[in-house]
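Contents: one structure, followed by commentary.
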Amino acid sequence: MTALVNNIPSESYLCKWAITPQVITGYLIQFVRWKFSRLENLQDPMLRKAHYLWKPDDLLAQSINSNLLITTAHNYNTTNAQQRPAIIIKRQGTNLGERMSIGDRYQTPTNLIGNGHDPNYEATMGQHQQLMQVQGAHSVMCIGDSGANAEVMGIELWHTFIDHTQIIRRDMGLDAFRVGPLQTAGKLKEANTSWVVPFTVTYTYQRATLVRQEAPLLKAFTVETALS
């Protein structure tokens with residue numbers, strides 16, 4: 001049995017940027033491509049024997065160097081896939097979670113300016129501060145030319161996400177990252193000759209904002225009336 005070893009720094013570069021659903025989509029794409037970019041990363045003997053590997057396409061030579069397509073749902077086309085097995089990442093709905101803080105309201109001053117003691121100076125300036133939780137999910141769909149091939153890819157990738165749950169959560173600075181149930185194989189609607197095995201990953205992260213109002217939102221307005 002092959003052991004997966006990861007050399008991941010204690011602080012991710014992603015933690016320096018605001019998390020958005022698009023950033024998560026990009027991260028998941030790169031994670032899956034890393035998984036299938038090296039033969040030693042594959043655990044299942046069937047995948048290793050068939051060389052289910054991903055390599056970047058040579059756009060200049062207009063040639064395909066990979067026998068595995070890994071992309072988003074927006075870029076996937078059954079015709080252009082050329083019967084290759086594929087792993088598709090698709091974003092599901094994103095919504096607000098539970099309230100994180102009593103501070104997600106218009107701030108009011110606790111002390112008057114000029115009394116010599118002003119611990120809440122920012123609030124006296126009329127700040128709008130929010131700390132909200134965001135919840136979202138992505139679907140991971142493993143597509144093969146047979147139910148058995150889709151099953152093998154799905155189980156392999158499902159186990160990989162489970163093994164790296166805490167690493168992914170830390171790498172993106174998420175509050176939580178969970179892997180949902182692995183679904184059974186079914187025919188792909190877009191192509192009757194292909195099978196798909198999907199599963200879903202869910203996550204939560206925090207979004208903190210501070211809005212400083214420097215001028216009235218409505219500086220001027222006009223009213224027009226019709227006289228009878």
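Here, A, B, ... name the chains of the structure tokens in the order displayed, residue numbers run from 1 inside each chain, and ligands are numbered from 1 in the same displayed order.
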
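Those residues that approach segment 132-141 of chain A to within 7 Å, counting only C-alpha atoms, are Ile87, Ile88, Ile89, Lys90, Arg91, Gln92, Gly93, Thr94, Asn95, Leu96, Gly97, Glu98, Arg99, Met100, Val196, Val197, Pro198, Phe199, Thr200, Val201, Thr202, Tyr203, Thr204, Tyr205, Gln206, Arg207 and Ala208 of chain A; same-chain residues fewer than 6 positions away are not listed.
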
Quick one: write out the picked residues with N, CA and C atoms as a PDB file, in the first residue's frame?
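The resulting file, result11.pdb, is reproduced below:
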```
ATOM      1  N   ILE A  87     -12.925  14.330 -14.887  1.00  0.00           N
ATOM      2  CA  ILE A  87     -13.342  14.713 -13.539  1.00  0.00           C
ATOM      3  C   ILE A  87     -13.779  16.165 -13.615  1.00  0.00           C
ATOM      4  N   ILE A  88     -15.037  16.418 -13.272  1.00  0.00           N
ATOM      5  CA  ILE A  88     -15.629  17.735 -13.431  1.00  0.00           C
ATOM      6  C   ILE A  88     -15.924  18.329 -12.052  1.00  0.00           C
ATOM      7  N   ILE A  89     -15.536  19.580 -11.858  1.00  0.00           N
ATOM      8  CA  ILE A  89     -15.822  20.317 -10.629  1.00  0.00           C
ATOM      9  C   ILE A  89     -16.915  21.333 -10.925  1.00  0.00           C
ATOM     10  N   LYS A  90     -17.996  21.275 -10.163  1.00  0.00           N
ATOM     11  CA  LYS A  90     -19.136  22.178 -10.395  1.00  0.00           C
ATOM     12  C   LYS A  90     -19.563  22.817  -9.079  1.00  0.00           C
ATOM     13  N   ARG A  91     -19.656  24.136  -9.087  1.00  0.00           N
ATOM     14  CA  ARG A  91     -20.102  24.849  -7.884  1.00  0.00           C
ATOM     15  C   ARG A  91     -21.608  24.723  -7.718  1.00  0.00           C
ATOM     16  N   GLN A  92     -22.020  24.426  -6.496  1.00  0.00           N
ATOM     17  CA  GLN A  92     -23.438  24.432  -6.152  1.00  0.00           C
ATOM     18  C   GLN A  92     -23.783  25.772  -5.489  1.00  0.00           C
ATOM     19  N   GLY A  93     -24.918  25.820  -4.822  1.00  0.00           N
ATOM     20  CA  GLY A  93     -25.360  27.073  -4.228  1.00  0.00           C
ATOM     21  C   GLY A  93     -24.482  27.547  -3.086  1.00  0.00           C
ATOM     22  N   THR A  94     -24.440  28.868  -2.920  1.00  0.00           N
ATOM     23  CA  THR A  94     -23.716  29.507  -1.822  1.00  0.00           C
ATOM     24  C   THR A  94     -24.682  30.412  -1.077  1.00  0.00           C
ATOM     25  N   ASN A  95     -24.684  30.348   0.250  1.00  0.00           N
ATOM     26  CA  ASN A  95     -25.613  31.166   1.021  1.00  0.00           C
ATOM     27  C   ASN A  95     -24.978  31.592   2.330  1.00  0.00           C
ATOM     28  N   LEU A  96     -25.670  32.478   3.030  1.00  0.00           N
ATOM     29  CA  LEU A  96     -25.208  32.941   4.335  1.00  0.00           C
ATOM     30  C   LEU A  96     -25.566  31.939   5.406  1.00  0.00           C
ATOM     31  N   GLY A  97     -24.629  31.740   6.335  1.00  0.00           N
ATOM     32  CA  GLY A  97     -24.866  30.845   7.446  1.00  0.00           C
ATOM     33  C   GLY A  97     -25.406  31.589   8.651  1.00  0.00           C
ATOM     34  N   GLU A  98     -25.151  31.042   9.825  1.00  0.00           N
ATOM     35  CA  GLU A  98     -25.646  31.642  11.058  1.00  0.00           C
ATOM     36  C   GLU A  98     -24.878  32.912  11.377  1.00  0.00           C
ATOM     37  N   ARG A  99     -25.497  33.740  12.197  1.00  0.00           N
ATOM     38  CA  ARG A  99     -24.884  34.995  12.613  1.00  0.00           C
ATOM     39  C   ARG A  99     -23.649  34.709  13.465  1.00  0.00           C
ATOM     40  N   MET A 100     -22.543  35.362  13.120  1.00  0.00           N
ATOM     41  CA  MET A 100     -21.282  35.097  13.794  1.00  0.00           C
ATOM     42  C   MET A 100     -21.037  36.012  14.981  1.00  0.00           C
ATOM     43  N   VAL A 196     -21.252   8.328 -14.720  1.00  0.00           N
ATOM     44  CA  VAL A 196     -20.742   9.314 -13.774  1.00  0.00           C
ATOM     45  C   VAL A 196     -20.974   8.829 -12.345  1.00  0.00           C
ATOM     46  N   VAL A 197     -19.988   9.062 -11.491  1.00  0.00           N
ATOM     47  CA  VAL A 197     -20.082   8.803 -10.052  1.00  0.00           C
ATOM     48  C   VAL A 197     -19.783  10.120  -9.343  1.00  0.00           C
ATOM     49  N   PRO A 198     -20.794  10.748  -8.718  1.00  0.00           N
ATOM     50  CA  PRO A 198     -20.574  12.056  -8.098  1.00  0.00           C
ATOM     51  C   PRO A 198     -20.507  11.983  -6.572  1.00  0.00           C
ATOM     52  N   PHE A 199     -19.893  12.992  -5.984  1.00  0.00           N
ATOM     53  CA  PHE A 199     -20.006  13.248  -4.555  1.00  0.00           C
ATOM     54  C   PHE A 199     -19.855  14.744  -4.338  1.00  0.00           C
ATOM     55  N   THR A 200     -20.211  15.199  -3.161  1.00  0.00           N
ATOM     56  CA  THR A 200     -20.245  16.627  -2.867  1.00  0.00           C
ATOM     57  C   THR A 200     -19.334  16.943  -1.688  1.00  0.00           C
ATOM     58  N   VAL A 201     -18.638  18.069  -1.786  1.00  0.00           N
ATOM     59  CA  VAL A 201     -17.872  18.586  -0.654  1.00  0.00           C
ATOM     60  C   VAL A 201     -18.534  19.888  -0.201  1.00  0.00           C
ATOM     61  N   THR A 202     -18.664  20.063   1.104  1.00  0.00           N
ATOM     62  CA  THR A 202     -19.260  21.270   1.671  1.00  0.00           C
ATOM     63  C   THR A 202     -18.231  21.995   2.526  1.00  0.00           C
ATOM     64  N   TYR A 203     -18.450  23.302   2.715  1.00  0.00           N
ATOM     65  CA  TYR A 203     -17.474  24.103   3.446  1.00  0.00           C
ATOM     66  C   TYR A 203     -18.145  25.337   4.012  1.00  0.00           C
ATOM     67  N   THR A 204     -17.509  25.923   5.006  1.00  0.00           N
ATOM     68  CA  THR A 204     -17.926  27.203   5.573  1.00  0.00           C
ATOM     69  C   THR A 204     -16.682  28.063   5.787  1.00  0.00           C
ATOM     70  N   TYR A 205     -16.867  29.367   5.611  1.00  0.00           N
ATOM     71  CA  TYR A 205     -15.785  30.311   5.886  1.00  0.00           C
ATOM     72  C   TYR A 205     -16.394  31.627   6.344  1.00  0.00           C
ATOM     73  N   GLN A 206     -15.560  32.490   6.890  1.00  0.00           N
ATOM     74  CA  GLN A 206     -16.039  33.764   7.429  1.00  0.00           C
ATOM     75  C   GLN A 206     -15.747  34.909   6.459  1.00  0.00           C
ATOM     76  N   ARG A 207     -16.680  35.832   6.422  1.00  0.00           N
ATOM     77  CA  ARG A 207     -16.488  37.048   5.627  1.00  0.00           C
ATOM     78  C   ARG A 207     -16.695  38.241   6.544  1.00  0.00           C
ATOM     79  N   ALA A 208     -15.614  38.987   6.796  1.00  0.00           N
ATOM     80  CA  ALA A 208     -15.667  40.163   7.660  1.00  0.00           C
ATOM     81  C   ALA A 208     -15.534  41.409   6.809  1.00  0.00           C
TER      82      ALA A 208
END
```

Straight-line distance linking atom CA of Leu68 of chain A with atom CA of Ile168 of chain A, stated in Å to one decimal
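Distance reported for this atom pair: 22.8 Å.
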